[in-house]
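**Q** Mind looking over this structure? Questions follow.
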Amino acid sequence: MNNIPVVKLGLIAVSRDCFPIELSEKRRAAVKAAFKGELYECPVTVENEVDMLKAVADVNAAECNALVVFLGNFGPETPETLIAEKFDGRVMYVAAAEGDGDLINGRGDAYCGMLNCSYNLGMRHLSAYIPSYPVGTADDIARMIGEFVPIARAVIGLKNLKMITFGPRPQDFFACNAPIKGLYELGVEVEENSELDLLVSYNAHKNDPRIPEVVEDMKAEMGEGRYYADMMERMAQFELTLLDWAENHKGARKYVAFADKCWPAFPEQFGFEPCFVNSRLASRGIPVGCEVDIYGTLSEYIGSCISEDAVTVLDINNSVPAQMYDAQIKGQFPYDYKLTDTFMGFHCGNTPSCKMCADRAIKYQLIQHRLLEPAGSDPDFTRGTLEGDIAPGEITFYRLQCDSEGVLRAYIAEGEVLPVATTSFGGIGVFAIPEMGRFYRHVLIEKRFPHHGAVAFGHFGKEIFEVLRLLGVKNIDYNRPASLPYPTENPFA
């Protein structure tokens, strides 16, 4: 199942009728030549509204789902902005820099035209992506187009996403329950089901002929001695249940994500913990959020689209012991992390195996074993978690949330997973984010974010920020440097 959009870009040049049209066309060709990826060059140069309709029809016929509108000169304000209104896809506006000709007949004034373009987009209440500095040479524009691709991919994905839930949330987990109003504002569809619906579908998949093949794939992924042989058929049955539900219920949407209830009733009724199965789907771009965390799952999906890689969701879980910090972290990394810059990110076992250290294995959920199974007994239905240390490397910790007032807000922080053994259980890692202590107090606590955060494996803060802005999210926080106080930070402390 392909659950992440493929971006097909189109390039439309625009030209104001009092400037040479040849200047825009020559510069458009240079951009096309400079960009190394797939880019459809629309042959229609837009000078007026009739041209605009022809150009939009042409890129639609070419099956483009994202556009680069290129001001090769000053550009026609009305037709160029109407492209964003008429085209059903993501649009970026960029402008040509001078320097490829003389400053008489070779001057295009696109630097000036971009100002009026932005003004007209605002008057029409149109959303478009404009890079941080949108004026450049052909090589500069090609780089901007490359940066636009993952942003467009994420927004296209969200506008075609159905969030499927199996709930309700566990008791005393209010943090995982948020107004679905924000989903509709983002253009995301939602289908809410009960845990009983999932159980009925799971039972209907008993003896599914596809189960043996999935079992073998699971075994190959984990390696001998790293799974419970007696549980594999049940977990394979569940994986097929989710995949079939996705295919049969996506309806008019192209992509799906799940937010499922996974305790306390689930393990006893299904006979296992769902974490390993959830991790396998996440590795294929189908996030399965824990504890019916709709917005955590939504955040994961954004990260999947941007990175085209596996993501996870983790608890911002526990502090790092001072003795561990002193012995293994202090002064040992290029960034001089303080103890308060570190924490452990943990979840029961939903992080994909490809993002974990080599000794990861399917184990049992210690906390649920304490709660649900007899004291002193061997783990039974609480088995099924994927446990081990998360592999070290760069990460982006982020979340998009709809708060209790129905307002969309978000945070983004770049950092890393340190190569430090956690000596703990679950899918867990030692995380380090510059100025995390202040961020924890003045963003996570002050803005009332829940304990789950999405993790993308790499530094993608720039792309996530631009996606959130395109989606209309006004409140985007980040981990501020020490030189930049938070509004709530006490200047006398």
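In the structure tokens, each chain is lettered A, B, ... as it comes, each chain's residues begin at 1, and ligands are numbered from 1 in order of appearance.
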Please report, as JSON lines, each residue of region 265-304 of chain A lying at most 12 Å from region 354-357 of chain A, together with the nearest pair of atoms and the separation in Å rounded to one decimal; use only C-alpha atoms, and order rows by chain and ascending residue number.
**A**
```
{"residue": "A:Ser279", "atom": "CA", "partner": "A:Cys354", "partner_atom": "CA", "distance": 9.6}
{"residue": "A:Arg280", "atom": "CA", "partner": "A:Cys354", "partner_atom": "CA", "distance": 9.6}
{"residue": "A:Ala282", "atom": "CA", "partner": "A:Cys354", "partner_atom": "CA", "distance": 10.7}
{"residue": "A:Ser283", "atom": "CA", "partner": "A:Cys354", "partner_atom": "CA", "distance": 7.8}
{"residue": "A:Arg284", "atom": "CA", "partner": "A:Cys354", "partner_atom": "CA", "distance": 11.1}
```
**Q** For C-alpha atoms, I'd like the residues from the last selection saved as a PDB file, in the first residue's frame.
**A**
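Output below, filename out02.pdb:
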```
ATOM      1  CA  SER A 279       5.941  -0.537  14.372  1.00  0.00           C
ATOM      2  CA  ARG A 280       5.867  -2.529  11.140  1.00  0.00           C
ATOM      3  CA  ALA A 282       4.881   2.813  10.736  1.00  0.00           C
ATOM      4  CA  SER A 283       7.971   1.647   8.844  1.00  0.00           C
ATOM      5  CA  ARG A 284       5.808   1.565   5.689  1.00  0.00           C
TER       6      ARG A 284
END
```
**Q** What's the 7 Å shell around region 416-424 of chain A, counting only C-alpha atoms, without same-chain residues fewer than 6 positions away, as a list in words?
**A**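 Residues near the query, excluding close chain neighbours: Gln328, Asp389, Pro392, Gly393, Glu394, Ile395, Val430, Phe431, Ala432 and Ile433 of chain A.
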**Q** Can you write out as CSV which residues of region 430-491 of chain A fall within 12 Å of region 178-181 of chain A, alongside each residue's closest atom pair and its distance in Å to one decimal, counting only C-alpha atoms and ordering rows by chain and ascending residue number?
**A**
```
residue,atom,partner,partner_atom,distance
A:Arg448,CA,A:Ala178,CA,11.9
A:Phe449,CA,A:Ala178,CA,10.8
A:Pro450,CA,A:Ala178,CA,9.9
```
**Q** Check the smallest atom-to-atom distance from each of A:Glu77, A:Asp139, A:Asp380, A:Asp477 to Ala110 (chain A) using only C-alpha atoms, then report the winner.
**A**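 Closest residue, counting only C-alpha atoms: A:Glu77.
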**Q** I'd like to know which residues of region 271-463 of chain A are helix (DSSP H, G or I) (by DSSP, run on the backbone); could you write them as an NGL selection string?
**A** :A and (275-282 or 290-292 or 294-307 or 322-328 or 339-341 or 353-355 or 366-372 or 436-445 or 461-463)
**Q** Show me, as JSON, numbers by chain, the residues that have an atom within 9 Å of region 18-32 of chain A when counting only C-alpha atoms, minus same-chain residues fewer than 4 positions from it.
**A** {"A": [11, 12, 13, 14, 36, 39, 40, 41, 43, 45, 47, 70, 71, 72, 73, 74, 75, 96, 100, 105, 106, 107, 108, 137, 138, 139, 140, 141, 142]}
**Q** Pick out each residue of region 287-371 of chain A that DSSP on the backbone tags as strand (DSSP E); I need them as a PyMOL selection string.
**A** chain A and resi 288-289+311-318+342-347+361-364
**Q** Selected residues, N, CA and C atoms, written as a short mmCIF file (atom, residue, chain, number, x, y, z; two decimals), in the first residue's frame, please.
**A**
```cif
data_model
loop_
_atom_site.label_atom_id
_atom_site.label_comp_id
_atom_site.auth_asym_id
_atom_site.auth_seq_id
_atom_site.Cartn_x
_atom_site.Cartn_y
_atom_site.Cartn_z
N VAL A 288 0.61 4.16 13.25
CA VAL A 288 -0.43 3.61 14.12
C VAL A 288 -0.16 4.18 15.51
N GLY A 289 -0.90 5.20 15.88
CA GLY A 289 -0.65 5.88 17.14
C GLY A 289 -1.17 5.09 18.33
N VAL A 311 9.05 6.80 11.24
CA VAL A 311 8.95 7.75 12.34
C VAL A 311 8.43 6.99 13.56
N THR A 312 8.33 7.68 14.68
CA THR A 312 7.73 7.06 15.86
C THR A 312 7.09 8.14 16.72
N VAL A 313 6.36 7.70 17.75
CA VAL A 313 5.84 8.61 18.77
C VAL A 313 6.30 8.07 20.11
N LEU A 314 6.79 8.97 20.97
CA LEU A 314 7.36 8.56 22.25
C LEU A 314 6.84 9.44 23.38
N ASP A 315 6.84 8.88 24.58
CA ASP A 315 6.64 9.68 25.77
C ASP A 315 7.88 10.52 26.02
N ILE A 316 7.68 11.77 26.41
CA ILE A 316 8.77 12.58 26.96
C ILE A 316 8.85 12.10 28.40
N ASN A 317 9.66 11.09 28.64
CA ASN A 317 9.35 10.13 29.70
C ASN A 317 10.02 10.34 31.05
N ASN A 318 11.32 10.33 31.09
CA ASN A 318 11.97 10.41 32.40
C ASN A 318 13.29 11.15 32.29
N THR A 342 18.89 16.89 28.68
CA THR A 342 18.71 15.47 28.36
C THR A 342 17.44 14.91 29.00
N PHE A 343 16.91 13.89 28.39
CA PHE A 343 15.77 13.14 28.92
C PHE A 343 15.73 11.82 28.20
N MET A 344 14.88 10.93 28.67
CA MET A 344 14.68 9.67 27.96
C MET A 344 13.33 9.67 27.27
N GLY A 345 13.35 9.36 25.98
CA GLY A 345 12.13 9.16 25.21
C GLY A 345 11.80 7.68 25.21
N PHE A 346 10.58 7.35 25.56
CA PHE A 346 10.21 5.94 25.77
C PHE A 346 8.82 5.67 25.23
N HIS A 347 8.62 4.50 24.72
CA HIS A 347 7.27 3.93 24.60
C HIS A 347 7.39 2.43 24.67
N ALA A 361 14.47 -6.69 20.34
CA ALA A 361 13.76 -7.97 20.33
C ALA A 361 12.32 -7.76 20.75
N ILE A 362 11.47 -8.71 20.38
CA ILE A 362 10.09 -8.69 20.84
C ILE A 362 10.08 -9.21 22.27
N LYS A 363 9.54 -8.40 23.18
CA LYS A 363 9.52 -8.76 24.59
C LYS A 363 8.11 -8.56 25.15
N TYR A 364 8.02 -8.26 26.43
CA TYR A 364 6.71 -8.07 27.04
C TYR A 364 6.64 -6.71 27.72
#
```
**Q** Excluding Pro76 (chain A) and its own-chain neighbours fewer than 6 positions away, which residues fall within 8 Å of it when counting only C-alpha atoms? Please give them as a list in words.
**A**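 So, after excluding close chain neighbours, the residues are Val14, Ser15, Arg16, Asp17, Val46, Glu47 and Asn48 of chain A.
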**Q** So how many Å separate CA of Glu239 (chain A) and CA of Arg383 (chain A), to one decimal?
**A**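 Pair CA of Glu239 (chain A) / CA of Arg383 (chain A) returns 15.7 Å.
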**Q** Mind running region 296-319 of chain A against region 159-164 of chain A at 12 Å and telling me each contacting residue's nearest atom pair with the distance in Å (one decimal), counting only C-alpha atoms, chain and number ascending, as CSV?
**A**
```
residue,atom,partner,partner_atom,distance
A:Gly296,CA,A:Met163,CA,11.3
A:Thr297,CA,A:Met163,CA,8.5
A:Leu298,CA,A:Met163,CA,7.8
A:Ser299,CA,A:Met163,CA,11.6
A:Glu300,CA,A:Met163,CA,11.9
A:Tyr301,CA,A:Leu161,CA,9.2
A:Ile302,CA,A:Leu161,CA,10.6
A:Cys305,CA,A:Leu161,CA,11.6
```
**Q** Let me see the file: selected residues, C-alpha atoms, as an mmCIF file, in the first residue's frame.
**A**
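Written output follows (selection_4.cif):
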```
data_model
loop_
_atom_site.group_PDB
_atom_site.id
_atom_site.type_symbol
_atom_site.label_atom_id
_atom_site.label_comp_id
_atom_site.auth_asym_id
_atom_site.auth_seq_id
_atom_site.Cartn_x
_atom_site.Cartn_y
_atom_site.Cartn_z
ATOM 1 C CA GLY A 296 0.419 12.327 17.741
ATOM 2 C CA THR A 297 -0.411 10.081 14.803
ATOM 3 C CA LEU A 298 -1.129 13.085 12.603
ATOM 4 C CA SER A 299 2.269 14.492 13.541
ATOM 5 C CA GLU A 300 3.895 11.177 12.683
ATOM 6 C CA TYR A 301 2.270 11.217 9.260
ATOM 7 C CA ILE A 302 3.660 14.692 8.548
ATOM 8 C CA CYS A 305 5.797 12.475 4.255
#
```
**Q** Which residues, written as a list in words, have at least one atom at most 10 Å from Tyr440 (chain A), with only C-alpha atoms counted and residues fewer than 4 positions away on the same chain left out?
**A**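 The filter keeps Ile316, Thr340, Asp341, Glu435, Met436, Leu444, Ile445, Glu446, Lys447, Phe449 and Asn479 of chain A.
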**Q** For those residues, write C-alpha atoms to a file as a compact mmCIF listing (two decimals), in the first residue's frame.
**A**
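Output file result_27.txt is given in full below:
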```
# COMPACT_ATOMS: atom_id res chain seq x y z
CA ILE A 316 8.77 12.58 26.96
CA THR A 340 18.61 19.48 31.91
CA ASP A 341 19.14 19.25 28.14
CA GLU A 435 18.05 24.17 26.16
CA MET A 436 15.54 21.36 26.72
CA LEU A 444 5.59 21.90 26.89
CA ILE A 445 4.22 22.73 30.34
CA GLU A 446 3.25 26.36 29.81
CA LYS A 447 1.38 25.65 26.56
CA PHE A 449 1.16 19.97 25.46
CA ASN A 479 13.59 25.47 21.75
```
